[in-house]
file model_1.tsv (TSV, C-alpha atoms and all ligand atoms)
chain	number	residue	atom	x	y	z
A	181	MET	CA	7.84	11.07	-6.33
A	182	PRO	CA	5.76	8.89	-4.13
A	183	LEU	CA	2.57	8.82	-2.18
A	184	TYR	CA	2.84	8.39	1.56
A	185	ILE	CA	0.09	7.46	3.94
A	186	ILE	CA	0.76	8.88	7.36
A	187	ARG	CA	-1.07	9.24	10.63
A	188	GLN	CA	-0.77	12.81	11.78
A	189	ASP	CA	-2.49	16.03	12.60
A	190	ILE	CA	-2.35	17.80	9.22
A	191	THR	CA	-1.91	21.21	10.86
A	192	LYS	CA	1.53	20.12	12.10
A	193	LEU	CA	2.98	19.24	8.69
A	194	GLU	CA	5.80	21.27	7.24
A	195	CYS	CA	5.10	20.60	3.59
A	196	ASP	CA	4.52	23.15	0.83
A	197	ALA	CA	0.74	22.92	0.97
A	198	ILE	CA	-1.91	21.27	3.06
A	199	VAL	CA	-5.41	20.76	1.74
A	200	ASN	CA	-8.45	21.81	3.70
A	201	ALA	CA	-11.75	19.92	3.53
A	202	ALA	CA	-13.83	23.10	3.45
A	203	ASN	CA	-17.45	24.00	2.73
A	204	ASN	CA	-18.85	26.22	-0.05
A	205	THR	CA	-18.55	29.40	1.99
A	206	LEU	CA	-14.84	28.87	2.75
A	207	LEU	CA	-15.53	30.62	6.03
A	208	GLY	CA	-14.47	27.81	8.31
A	209	GLY	CA	-16.34	25.06	10.08
A	210	GLY	CA	-15.67	21.97	12.14
A	211	GLY	CA	-13.40	18.97	11.55
A	212	VAL	CA	-10.14	19.56	9.77
A	213	ASP	CA	-11.43	22.92	8.53
A	214	GLY	CA	-11.85	24.14	12.10
A	215	ALA	CA	-8.44	22.80	13.09
A	216	ILE	CA	-6.72	24.52	10.14
A	217	HIS	CA	-8.38	27.89	10.76
A	218	LYS	CA	-7.58	27.68	14.47
A	219	ALA	CA	-3.92	26.89	13.86
A	220	ALA	CA	-3.51	29.39	11.00
A	221	GLY	CA	-5.09	32.31	12.89
A	222	ALA	CA	-7.65	34.99	12.02
A	223	GLU	CA	-5.80	36.22	8.94
A	224	LEU	CA	-6.69	33.03	7.09
A	225	LEU	CA	-10.37	33.76	7.56
A	226	GLU	CA	-9.83	37.32	6.30
A	227	GLU	CA	-8.23	36.03	3.10
A	228	CYS	CA	-10.94	33.40	2.69
A	229	LYS	CA	-13.63	36.06	2.93
A	230	ARG	CA	-12.19	37.66	-0.20
A	231	LEU	CA	-12.39	34.45	-2.24
A	232	GLY	CA	-16.15	34.47	-2.76
A	233	GLY	CA	-16.74	30.86	-1.76
A	234	CYS	CA	-15.94	27.74	-3.75
A	235	ASP	CA	-18.03	25.24	-5.71
A	236	THR	CA	-18.10	21.59	-4.79
A	237	GLY	CA	-15.27	19.75	-6.55
A	238	GLU	CA	-13.28	22.96	-7.03
A	239	ALA	CA	-10.25	24.30	-5.13
A	240	LYS	CA	-8.77	27.67	-4.12
A	241	ILE	CA	-5.43	28.54	-2.59
A	242	THR	CA	-4.42	30.90	0.23
A	243	LYS	CA	-1.39	31.62	2.35
A	244	ALA	CA	-0.90	29.54	5.47
A	245	TYR	CA	-0.19	32.26	8.06
A	246	ASN	CA	0.70	30.63	11.41
A	247	LEU	CA	0.74	27.11	10.01
A	248	PRO	CA	4.14	25.47	9.37
A	249	CYS	CA	3.28	24.88	5.70
A	250	LYS	CA	3.41	27.55	2.96
A	251	HIS	CA	-0.07	27.34	1.45
A	252	VAL	CA	-3.52	26.07	2.24
A	253	ILE	CA	-5.55	24.68	-0.63
A	254	HIS	CA	-9.25	24.75	0.17
A	255	THR	CA	-11.41	22.25	-1.61
A	256	VAL	CA	-15.04	21.38	-1.12
A	257	GLY	CA	-15.89	17.70	-1.16
A	258	PRO	CA	-19.31	16.27	-1.98
A	259	ILE	CA	-21.80	15.37	0.73
A	260	TRP	CA	-22.38	11.61	0.58
A	261	GLN	CA	-25.93	10.88	-0.57
A	262	GLY	CA	-25.66	7.17	-1.22
A	263	GLY	CA	-23.20	7.24	-4.10
A	264	GLU	CA	-25.63	7.78	-6.97
A	265	LYS	CA	-25.41	11.56	-7.11
A	266	GLY	CA	-22.00	11.92	-8.78
A	267	GLU	CA	-20.15	11.98	-5.46
A	268	LYS	CA	-17.19	9.98	-6.77
A	269	ALA	CA	-16.55	12.27	-9.75
A	270	LEU	CA	-16.80	15.32	-7.50
A	271	LEU	CA	-14.39	13.84	-4.99
A	272	GLU	CA	-11.92	12.94	-7.76
A	273	SER	CA	-12.22	16.48	-8.98
A	274	CYS	CA	-11.28	17.79	-5.49
A	275	TYR	CA	-8.00	15.86	-5.67
A	276	LYS	CA	-7.29	16.77	-9.29
A	277	LYS	CA	-8.04	20.46	-8.90
A	278	SER	CA	-6.08	20.70	-5.64
A	279	LEU	CA	-3.07	18.97	-7.18
A	280	SER	CA	-3.05	21.20	-10.26
A	281	LEU	CA	-3.30	24.28	-8.05
A	282	ALA	CA	-0.38	22.95	-6.02
A	283	LYS	CA	1.60	22.40	-9.21
A	284	GLU	CA	0.80	25.86	-10.57
A	285	ASN	CA	2.06	27.32	-7.31
A	286	GLY	CA	5.32	25.39	-7.41
A	287	CYS	CA	4.53	23.07	-4.52
A	288	GLU	CA	6.72	20.00	-4.27
A	289	SER	CA	4.91	18.45	-1.34
A	290	VAL	CA	1.20	18.40	-0.56
A	291	ALA	CA	-0.79	16.78	2.22
A	292	PHE	CA	-4.46	15.80	1.99
A	293	PRO	CA	-6.87	14.82	4.72
A	294	LEU	CA	-9.51	12.33	3.67
A	295	ILE	CA	-11.80	14.84	1.99
A	296	SER	CA	-15.53	14.28	2.64
A	297	ALA	CA	-14.82	11.36	4.97
A	298	GLY	CA	-15.89	13.17	8.13
A	299	VAL	CA	-18.91	15.44	8.49
A	300	TYR	CA	-19.80	14.92	4.81
A	301	GLY	CA	-20.23	11.21	5.41
A	302	TYR	CA	-18.36	9.65	2.46
A	303	PRO	CA	-17.62	6.04	3.49
A	304	LYS	CA	-14.01	6.07	4.64
A	305	ASP	CA	-12.79	3.05	2.69
A	306	LYS	CA	-14.31	4.44	-0.51
A	307	ALA	CA	-12.96	7.92	0.23
A	308	LEU	CA	-9.51	6.47	0.72
A	309	ALA	CA	-9.68	4.50	-2.52
A	310	VAL	CA	-10.69	7.63	-4.46
A	311	ALA	CA	-7.86	9.58	-2.81
A	312	ALA	CA	-5.24	6.94	-3.59
A	313	GLU	CA	-6.42	6.46	-7.18
A	314	SER	CA	-6.70	10.15	-8.02
A	315	ILE	CA	-3.35	10.99	-6.47
A	316	SER	CA	-1.51	8.10	-8.07
A	317	GLU	CA	-2.93	9.00	-11.47
A	318	PHE	CA	-1.52	12.50	-11.01
A	319	LEU	CA	1.83	11.14	-9.80
A	320	PHE	CA	2.26	9.05	-12.91
A	321	LYS	CA	2.55	12.25	-14.89
A	322	ASN	CA	3.97	14.66	-12.33
A	323	GLU	CA	6.78	14.85	-9.81
A	324	MET	CA	5.48	15.67	-6.35
A	325	THR	CA	5.48	14.17	-2.89
A	326	VAL	CA	1.93	13.65	-1.71
A	327	TYR	CA	0.74	12.62	1.71
A	328	ILE	CA	-2.64	11.23	2.62
A	329	VAL	CA	-2.99	12.17	6.23
A	330	VAL	CA	-5.07	9.94	8.38
A	331	PHE	CA	-6.01	11.52	11.63
A	332	ASP	CA	-6.85	8.51	13.72
A	333	LYS	CA	-6.54	4.84	13.07
A	334	ALA	CA	-10.29	4.29	13.37
A	335	SER	CA	-10.87	6.60	10.42
A	336	TYR	CA	-8.60	4.52	8.32
A	337	GLN	CA	-10.35	1.50	6.98
A	338	ILE	CA	-9.54	-0.97	4.33
A	339	SER	CA	-12.60	-2.96	3.41
A	340	GLU	CA	-13.71	-5.34	6.12
A	341	GLU	CA	-13.52	-8.26	3.74
A	342	LEU	CA	-9.90	-7.56	2.84
A	343	PHE	CA	-9.00	-6.97	6.47
A	344	ASP	CA	-10.55	-10.29	7.50
A	345	ASP	CA	-8.83	-12.14	4.65
A	346	VAL	CA	-5.44	-10.74	5.53
A	347	GLN	CA	-6.01	-11.35	9.24
A	348	GLU	CA	-6.93	-14.94	8.55
A	349	TYR	CA	-3.89	-15.39	6.36
A	350	ILE	CA	-1.64	-13.98	9.08
A	351	ASP	CA	-3.26	-16.21	11.70
A	352	ASP	CA	-2.74	-19.26	9.52
A	353	ASN	CA	0.80	-18.45	8.53
A	354	TYR	CA	2.42	-16.44	11.27
A	355	VAL	CA	5.04	-18.42	13.05
A	356	ASP	CA	6.13	-17.25	16.43
A	357	ASP	CA	9.92	-17.33	16.70
A	358	ASN	CA	9.61	-19.51	19.78
A	359	TYR	CA	8.01	-22.32	17.83
A	360	VAL	CA	10.32	-25.26	17.34
A	361	ASP	CA	8.78	-26.42	14.12
A	362	ASP	CA	8.00	-23.94	11.40
A	363	ASN	CA	4.54	-25.18	10.73
A	364	TYR	CA	3.22	-27.68	13.17
A	365	ALA	CA	4.96	-27.33	16.49
A	366	ASP	CA	2.19	-26.92	18.99
A	367	GLU	CA	0.84	-29.06	21.77
A	368	ASN	CA	-1.35	-30.94	19.32
A	369	TYR	CA	1.54	-32.01	17.22
A	370	VAL	CA	1.77	-35.77	17.22
A	371	ASP	CA	3.92	-38.18	15.31
A	372	ASP	CA	1.05	-39.88	13.55
A	373	ASN	CA	0.55	-36.70	11.58
A	374	TYR	CA	3.26	-37.99	9.30
A	375	ALA	CA	2.71	-39.08	5.76
A	376	ASP	CA	0.80	-42.20	4.87
A	377	GLU	CA	1.80	-44.43	1.99
A	378	ASN	CA	0.43	-41.94	-0.53
A	379	GLY	CA	2.48	-39.11	0.81
A	380	TYR	CA	-0.52	-37.72	2.66
A	381	TYR	CA	-0.84	-37.18	6.37
A	382	LEU	CA	-3.51	-36.32	8.82
A	383	GLU	CA	-3.32	-32.90	10.28
A	384	ARG	CA	-4.83	-32.48	13.70
A	385	SER	CA	-6.74	-29.62	15.11
A	386	GLY	CA	-7.06	-30.17	18.85
A	387	GLU	CA	-7.91	-33.83	19.26
A	388	VAL	CA	-9.85	-34.08	16.04
A	389	CYS	CA	-8.26	-35.14	12.81
A	390	CYS	CA	-9.89	-32.59	10.60
A	391	ARG	CA	-8.45	-32.77	7.14
A	392	ARG	CA	-6.17	-34.74	4.95
A	393	VAL	CA	-3.48	-32.71	3.33
A	394	PRO	CA	-0.35	-33.63	1.45
A	395	ILE	CA	3.03	-33.05	2.99
A	396	PHE	CA	3.53	-29.39	3.54
A	397	LYS	CA	5.04	-27.39	0.78
A	398	GLU	CA	4.42	-23.69	1.02
A	399	SER	CA	3.58	-23.41	-2.65
A	400	ASP	CA	0.83	-26.01	-2.25
A	401	TYR	CA	-1.28	-23.70	-0.14
A	402	ASP	CA	-3.72	-21.18	-1.39
A	403	LEU	CA	-4.34	-17.69	-0.03
A	404	PHE	CA	-6.03	-18.96	3.01
A	405	GLY	CA	-3.38	-21.50	3.86
A	406	CYS	CA	-5.49	-24.33	2.52
A	407	PHE	CA	-4.12	-27.00	0.31
A	408	GLU	CA	-4.37	-26.34	-3.34
A	409	GLU	CA	-3.63	-28.76	-6.17
A	410	LYS	CA	-0.31	-27.83	-7.68
A	411	ILE	CA	-0.85	-26.49	-11.15
A	412	GLU	CA	1.80	-26.52	-13.85
A	413	GLU	CA	3.58	-23.18	-13.96
A	414	PRO	CA	2.91	-21.34	-17.23
A	415	THR	CA	5.89	-21.40	-19.58
A	416	GLU	CA	6.56	-17.67	-19.47
A	417	ASP	CA	6.73	-17.81	-15.68
A	418	LEU	CA	9.20	-20.62	-15.92
A	419	SER	CA	11.41	-18.66	-18.25
A	420	LEU	CA	11.35	-15.69	-15.94
A	421	LEU	CA	12.10	-17.92	-12.98
A	422	ASP	CA	14.84	-19.56	-15.02
A	423	MET	CA	16.28	-16.21	-15.81
A	424	LEU	CA	16.11	-15.12	-12.21
A	425	SER	CA	17.78	-18.27	-10.98
A	426	LYS	CA	20.58	-18.13	-13.52
A	427	ILE	CA	21.53	-14.51	-13.39
A	428	ASP	CA	24.51	-13.48	-11.45
A	429	ASP	CA	23.99	-9.79	-12.01
A	430	ASN	CA	23.64	-7.21	-9.33
A	431	PHE	CA	20.21	-5.95	-8.38
A	432	ALA	CA	20.27	-2.98	-10.78
A	433	VAL	CA	21.02	-5.12	-13.82
A	434	THR	CA	18.45	-7.73	-12.79
A	435	LEU	CA	15.90	-5.03	-12.32
A	436	LEU	CA	16.56	-3.52	-15.74
A	437	LYS	CA	16.26	-6.93	-17.38
A	438	LEU	CA	12.94	-7.54	-15.63
A	439	ILE	CA	11.67	-4.13	-16.65
A	440	ASP	CA	12.49	-5.00	-20.27
A	441	ILE	CA	10.83	-8.38	-20.04
A	442	LYS	CA	7.70	-6.81	-18.61
A	443	GLY	CA	7.72	-4.16	-21.35
A	444	MET	CA	7.70	-1.27	-18.90
A	445	SER	CA	9.66	1.96	-18.93
A	446	ASP	CA	12.03	2.71	-16.05
A	447	VAL	CA	9.93	5.64	-14.87
A	448	GLU	CA	6.74	3.65	-15.09
A	449	CYS	CA	8.32	0.97	-12.97
A	450	TYR	CA	9.71	3.09	-10.16
A	451	LYS	CA	6.56	5.18	-10.03
A	452	LYS	CA	4.42	2.09	-9.86
A	453	ALA	CA	6.72	0.85	-7.11
A	454	ASN	CA	6.11	4.11	-5.21
A	455	VAL	CA	9.88	4.49	-5.09
A	456	SER	CA	11.39	7.95	-5.24
A	457	LYS	CA	13.49	9.14	-8.15
A	458	GLN	CA	16.41	9.55	-5.73
A	459	THR	CA	16.26	5.90	-4.68
A	460	TRP	CA	16.04	4.89	-8.34
A	461	TYR	CA	19.16	6.91	-9.18
A	462	LYS	CA	21.02	5.41	-6.25
A	463	ILE	CA	20.16	1.89	-7.38
A	464	MET	CA	21.25	2.63	-10.93
A	465	ASN	CA	24.34	4.71	-10.27
A	466	GLU	CA	25.89	3.71	-6.97
A	467	LYS	CA	27.63	0.42	-7.49
A	468	GLU	CA	27.78	-0.52	-3.83
A	469	TYR	CA	24.23	0.60	-3.05
A	470	LYS	CA	22.16	-2.15	-1.51
A	471	PRO	CA	18.43	-1.48	-1.71
A	472	SER	CA	16.34	-2.18	1.36
A	473	LYS	CA	14.11	-5.22	1.46
A	474	ASN	CA	11.15	-2.86	1.34
A	475	THR	CA	12.41	-1.37	-1.92
A	476	VAL	CA	13.02	-4.76	-3.52
A	477	ILE	CA	9.49	-5.86	-2.59
A	478	SER	CA	8.10	-2.64	-4.01
A	479	PHE	CA	9.75	-3.44	-7.33
A	480	ALA	CA	8.50	-7.02	-7.20
A	481	ILE	CA	4.98	-5.64	-6.82
A	482	ALA	CA	5.45	-3.07	-9.58
A	483	LEU	CA	6.75	-5.79	-11.90
A	484	GLU	CA	3.82	-8.00	-10.96
A	485	LEU	CA	6.06	-10.92	-10.09
A	486	SER	CA	4.69	-14.17	-8.76
A	487	LEU	CA	5.55	-15.20	-5.22
A	488	GLU	CA	8.36	-17.45	-6.43
A	489	GLU	CA	9.75	-14.79	-8.73
A	490	ALA	CA	9.60	-12.20	-5.98
A	491	LYS	CA	11.50	-14.53	-3.68
A	492	ARG	CA	14.17	-15.03	-6.31
A	493	LEU	CA	14.47	-11.29	-6.82
A	494	LEU	CA	14.80	-10.82	-3.06
A	495	SER	CA	17.46	-13.48	-2.91
A	496	THR	CA	19.62	-11.57	-5.41
A	497	VAL	CA	20.14	-9.04	-2.62
A	498	GLY	CA	20.28	-11.63	0.17
A	499	PHE	CA	16.72	-11.22	1.47
A	500	THR	CA	13.96	-13.71	2.03
A	501	LEU	CA	10.31	-13.70	3.14
A	502	SER	CA	9.90	-14.95	6.66
A	503	LYS	CA	6.96	-16.64	8.37
A	504	SER	CA	7.77	-14.82	11.58
A	505	SER	CA	7.24	-11.37	10.13
A	506	LYS	CA	3.71	-10.01	9.75
A	507	PHE	CA	4.97	-7.63	7.11
A	508	ASP	CA	6.34	-10.54	5.05
A	509	ILE	CA	3.16	-12.56	5.44
A	510	ILE	CA	1.02	-9.67	4.25
A	511	ILE	CA	3.31	-9.28	1.22
A	512	GLU	CA	3.08	-13.00	0.56
A	513	TYR	CA	-0.72	-12.75	0.76
A	514	PHE	CA	-0.84	-10.09	-1.94
A	515	LEU	CA	1.69	-11.82	-4.18
A	516	LEU	CA	-0.32	-15.02	-4.01
A	517	LYS	CA	-3.50	-13.12	-4.67
A	518	GLU	CA	-1.80	-11.31	-7.57
A	519	GLU	CA	-3.02	-8.02	-6.18
A	520	TYR	CA	-0.36	-5.58	-7.30
A	521	ASN	CA	-1.96	-2.24	-6.44
A	522	ILE	CA	0.69	-0.82	-4.15
A	523	PHE	CA	-1.75	1.60	-2.59
A	524	ILE	CA	-4.13	-1.14	-1.55
A	525	ILE	CA	-1.15	-3.06	-0.18
A	526	ASN	CA	0.04	0.01	1.69
A	527	GLU	CA	-3.39	0.69	3.11
A	528	THR	CA	-3.41	-2.86	4.40
A	529	LEU	CA	0.12	-2.68	5.81
A	530	PHE	CA	-0.82	0.56	7.51
A	531	LYS	CA	-3.93	-0.97	9.00
A	532	PHE	CA	-1.82	-3.79	10.43
A	533	ASP	CA	0.70	-1.29	11.86
A	534	GLN	CA	3.42	-2.25	9.41
A	535	VAL	CA	5.71	0.04	7.43
A	536	CYS	CA	4.42	0.91	3.99
A	537	LEU	CA	6.12	-0.03	0.73
A	538	GLY	CA	8.11	2.29	-1.44
A	539	VAL	CA	9.35	5.82	-0.81
A	601	LIG	N1	-5.66	16.32	10.59
A	601	LIG	C1	-5.93	15.37	9.67
A	601	LIG	N2	-7.16	14.89	9.44
A	601	LIG	C2	-8.17	15.38	10.19
A	601	LIG	C3	-7.98	16.37	11.17
A	601	LIG	C4	-6.66	16.85	11.36
A	601	LIG	N3	-6.37	17.79	12.26
A	601	LIG	N4	-9.20	16.65	11.74
A	601	LIG	C5	-10.09	15.85	11.14
A	601	LIG	N5	-9.49	15.08	10.21
A	601	LIG	P1	-14.04	16.63	7.93
A	601	LIG	P2	-15.52	16.66	5.40
A	601	LIG	C6	-10.05	14.08	9.30
A	601	LIG	O1	-15.29	16.45	8.69
A	601	LIG	O2	-16.09	15.34	5.66
A	601	LIG	C7	-16.31	21.03	8.09
A	601	LIG	O3	-17.20	21.54	9.04
A	601	LIG	C8	-11.36	13.45	9.72
A	601	LIG	O4	-11.11	12.37	10.62
A	601	LIG	O5	-13.08	17.61	8.46
A	601	LIG	O6	-14.99	16.96	4.03
A	601	LIG	C9	-16.27	21.86	6.83
A	601	LIG	O7	-16.43	23.24	7.08
A	601	LIG	C10	-11.89	12.96	8.37
A	601	LIG	O8	-11.33	11.69	8.05
A	601	LIG	O9	-14.35	17.08	6.40
A	601	LIG	C11	-17.40	21.30	6.04
A	601	LIG	O10	-18.63	21.87	6.42
A	601	LIG	C12	-11.33	13.98	7.37
A	601	LIG	O11	-10.36	14.73	8.09
A	601	LIG	C13	-17.39	19.85	6.40
A	601	LIG	O12	-16.78	19.77	7.68
A	601	LIG	C14	-12.37	14.93	6.81
A	601	LIG	O13	-13.36	15.22	7.78
A	601	LIG	C15	-16.53	19.05	5.45
A	601	LIG	O14	-16.66	17.69	5.76
call {"tool": "encode", "arguments": {"input": "model_1.tsv", "output": "structure tokens", "more": "lines below"}}
Ligand code: AR6
result
Amino acid sequence: MPLYIIRQDITKLECDAIVNAANNTLLGGGGVDGAIHKAAGAELLEECKRLGGCDTGEAKITKAYNLPCKHVIHTVGPIWQGGEKGEKALLESCYKKSLSLAKENGCESVAFPLISAGVYGYPKDKALAVAAESISEFLFKNEMTVYIVVFDKASYQISEELFDDVQEYIDDNYVDDNYVDDNYADENYVDDNYADENGYYLERSGEVCCRRVPIFKESDYDLFGCFEEKIEEPTEDLSLLDMLSKIDDNFAVTLLKLIDIKGMSDVECYKKANVSKQTWYKIMNEKEYKPSKNTVISFAIALELSLEEAKRLLSTVGFTLSKSSKFDIIIEYFLLKEEYNIFIINETLFKFDQVCLGV
């Protein structure tokens, strides 16, 4: 089952277990630890007193008392000391140990705060990457629903570089529905922007002709919306595209064919897509079931399809990628960049206030 990233107060979640970012004494503190103890009541502290503390990177479980969840798993993250003191391994261990404790205790759903990313100073983008990697590794082998709970948006940071890249791509590609022309309808649009005898035209920015680009074709632009020489498609891509354009099968059959071509197993594919087992069964067993666009994109990412291939897959269910949807543009950005890590994509979608993929 999948990994969700949600913005919430963890003490309000009704899942089987929530994880506490505790300290070695397990006797409470500030941050999420303070919030959990406050919401659970004094009995939690009494039980914690009997646990004899906890080493960094380890985890211990208690009841949840007044909290809406069933258990609290207390783990102690590393204090950030610059990254050279084994912090990453210790933080990974927090996630691994907490998840195995959850499994041993029959938990089907677990929520984590960003361990160490508050008082303990672990850089938030790095802490998030460790969380997503450790949890997804566990989810490849185990069935569980896991939430990464992000308290406030400010604490949720994809790397600045990625954010800027995506923002720039959106700015360059986003087309307001009110625009008449898909690409060039603004007040600077003038007729002499049309093609010259070589099929090139001058694109204007304000009153200055700034660059010479060939006639617009979406596929001619690179990640940043700049013109890129068209390169011959590799043969295997062509055959996959060919296959996708010829097939008349429903989505389930197409999907199974693609999974075979990519040499994946079904489980590997739906897990990589962050799609739940239930959704997978519906796709495979309910003839009339039409997957959502979000689900189709998730599979396109899991199958590591190119932009063109992803568009073809979407079209088998009647969907397309639109220039007037930020969500679609972000997806297009990642497909072009061939970045298929669904958790990085989801972190980015989340940062841009868009729904996440999968689930
Ligand atoms: N729900 C979800 N996330 C929260 C909540 C909440 N209610 N409150 C805070 N966070 P921190 P650490 C986020 O400092 O860095 C304590 O004193 C917060 O924004 O709670 O592991 C312990 O006793 C941040 O992203 O934990 C230890 O001494 C994340 O939870 C020490 O702090 C973790 O921040 C542990 O420090």
call {"tool": "closest_residue", "arguments": {"input": "model_1.tsv", "among": "A:Glu288, A:Gly232, A:Ile253, A:Val299", "to": "ligand LIG 601 (chain A)", "atoms": "only C-alpha atoms and all ligand atoms"}}
result
A:Val299
call {"tool": "atom_distance", "arguments": {"input": "model_1.tsv", "atom1": "atom C11 of ligand LIG 601 (chain A)", "atom2": "CA of Lys250 in chain A"}}
result
21.9 Å
call {"tool": "closest_atom_pairs", "arguments": {"input": "model_1.tsv", "of": "chain A", "to": "ligand LIG 601 (chain A)", "cutoff": "8 Å", "atoms": "only C-alpha atoms and all ligand atoms", "output": "CSV"}}
result
residue,atom,partner,partner_atom,distance
A:Arg187,CA,A:LIG601,C1,7.9
A:Gln188,CA,A:LIG601,C1,6.1
A:Asp189,CA,A:LIG601,N1,3.8
A:Ile190,CA,A:LIG601,N1,3.9
A:Thr191,CA,A:LIG601,N3,5.8
A:Asn200,CA,A:LIG601,O5,7.9
A:Ala201,CA,A:LIG601,O6,4.4
A:Ala202,CA,A:LIG601,C9,4.3
A:Asn203,CA,A:LIG601,C11,4.3
A:Asn204,CA,A:LIG601,O10,7.8
A:Leu206,CA,A:LIG601,O7,7.3
A:Leu207,CA,A:LIG601,O7,7.5
A:Gly208,CA,A:LIG601,O7,5.1
A:Gly209,CA,A:LIG601,O7,3.5
A:Gly210,CA,A:LIG601,O3,3.5
A:Gly211,CA,A:LIG601,O5,3.4
A:Val212,CA,A:LIG601,N4,3.6
A:Asp213,CA,A:LIG601,O7,5.2
A:Gly214,CA,A:LIG601,O3,6.7
A:Ala215,CA,A:LIG601,N3,5.5
A:Ile216,CA,A:LIG601,N3,7.1
A:Val256,CA,A:LIG601,O6,6.8
A:Gly257,CA,A:LIG601,O6,5.3
A:Pro258,CA,A:LIG601,O6,7.4
A:Ile259,CA,A:LIG601,O2,7.5
A:Phe292,CA,A:LIG601,C1,7.8
A:Pro293,CA,A:LIG601,N2,4.7
A:Leu294,CA,A:LIG601,C12,4.4
A:Ile295,CA,A:LIG601,O6,4.3
A:Ser296,CA,A:LIG601,O6,3.1
A:Ala297,CA,A:LIG601,O2,4.2
A:Gly298,CA,A:LIG601,O13,3.3
A:Val299,CA,A:LIG601,O1,3.8
A:Tyr300,CA,A:LIG601,O2,3.8
A:Gly301,CA,A:LIG601,O2,5.9
A:Tyr302,CA,A:LIG601,O2,6.9
A:Lys304,CA,A:LIG601,O8,7.1
A:Val329,CA,A:LIG601,C1,5.5
A:Val330,CA,A:LIG601,N2,5.5
A:Phe331,CA,A:LIG601,N2,4.2
A:Asp332,CA,A:LIG601,O4,6.5
A:Ser335,CA,A:LIG601,O8,5.6
A:Tyr336,CA,A:LIG601,O8,7.7
call {"tool": "residues_around", "arguments": {"input": "model_1.tsv", "residues": "range 459-469 of chain A", "least_positions_apart": "5", "cutoff": "9 Å", "atoms": "all atoms listed in the file", "output": "ChimeraX atom specification"}}
result
/A:430-433,446-447,450,475,539
call {"tool": "write_last_selection", "arguments": {"input": "model_1.tsv", "atoms": "C-alpha atoms", "output": "compact mmCIF listing (two decimals), keeping the file's coordinate frame"}}
result
# COMPACT_ATOMS: atom_id res chain seq x y z
CA ASN A 430 23.64 -7.21 -9.33
CA PHE A 431 20.21 -5.95 -8.38
CA ALA A 432 20.27 -2.98 -10.78
CA VAL A 433 21.02 -5.12 -13.82
CA ASP A 446 12.03 2.71 -16.05
CA VAL A 447 9.93 5.64 -14.87
CA TYR A 450 9.71 3.09 -10.16
CA THR A 475 12.41 -1.37 -1.92
CA VAL A 539 9.35 5.82 -0.81
call {"tool": "closest_residue", "arguments": {"input": "model_1.tsv", "among": "A:Phe507, A:Leu493, A:Pro303, A:Cys287", "to": "Phe532 in chain A", "atoms": "only C-alpha atoms"}}
result
A:Phe507
call {"tool": "atom_distance", "arguments": {"input": "model_1.tsv", "atom1": "CA of Asn322 in chain A", "atom2": "CA of Ile511 in chain A"}}
result
27.5 Å
call {"tool": "residues_near_point", "arguments": {"input": "model_1.tsv", "point": "(2.2, 8.1, -1.9)", "cutoff": "7 Å", "atoms": "only C-alpha atoms", "output": "VMD selection string"}}
result
chain A and resid 182 to 185 325 to 327 454
call {"tool": "write_last_selection", "arguments": {"input": "model_1.tsv", "atoms": "C-alpha atoms", "output": "short mmCIF file (atom, residue, chain, number, x, y, z; two decimals), in the coordinates of the input"}}
result
data_model
loop_
_atom_site.label_atom_id
_atom_site.label_comp_id
_atom_site.auth_asym_id
_atom_site.auth_seq_id
_atom_site.Cartn_x
_atom_site.Cartn_y
_atom_site.Cartn_z
CA PRO A 182 5.76 8.89 -4.13
CA LEU A 183 2.57 8.82 -2.18
CA TYR A 184 2.84 8.39 1.56
CA ILE A 185 0.09 7.46 3.94
CA THR A 325 5.48 14.17 -2.89
CA VAL A 326 1.93 13.65 -1.71
CA TYR A 327 0.74 12.62 1.71
CA ASN A 454 6.11 4.11 -5.21
#
call {"tool": "atom_distance", "arguments": {"input": "model_1.tsv", "atom1": "CA of Ile241 in chain A", "atom2": "CA of Ala307 in chain A"}}
result
22.1 Å
call {"tool": "residues_around", "arguments": {"input": "model_1.tsv", "residues": "Leu487 in chain A", "least_positions_apart": "4", "cutoff": "8 Å", "atoms": "all atoms listed in the file", "output": "PyMOL selection string"}}
result
chain A and resi 491+512+515-516
call {"tool": "closest_residue", "arguments": {"input": "model_1.tsv", "among": "A:Asp344, A:Glu519, A:Asp351, A:Glu323", "to": "Ala282 in chain A", "atoms": "all atoms listed in the file"}}
result
A:Glu323
call {"tool": "residues_around", "arguments": {"input": "model_1.tsv", "residues": "Lys473 in chain A", "least_positions_apart": "3", "cutoff": "7 Å", "atoms": "only C-alpha atoms", "output": "number ranges by chain"}}
result
A: 476-477, 499
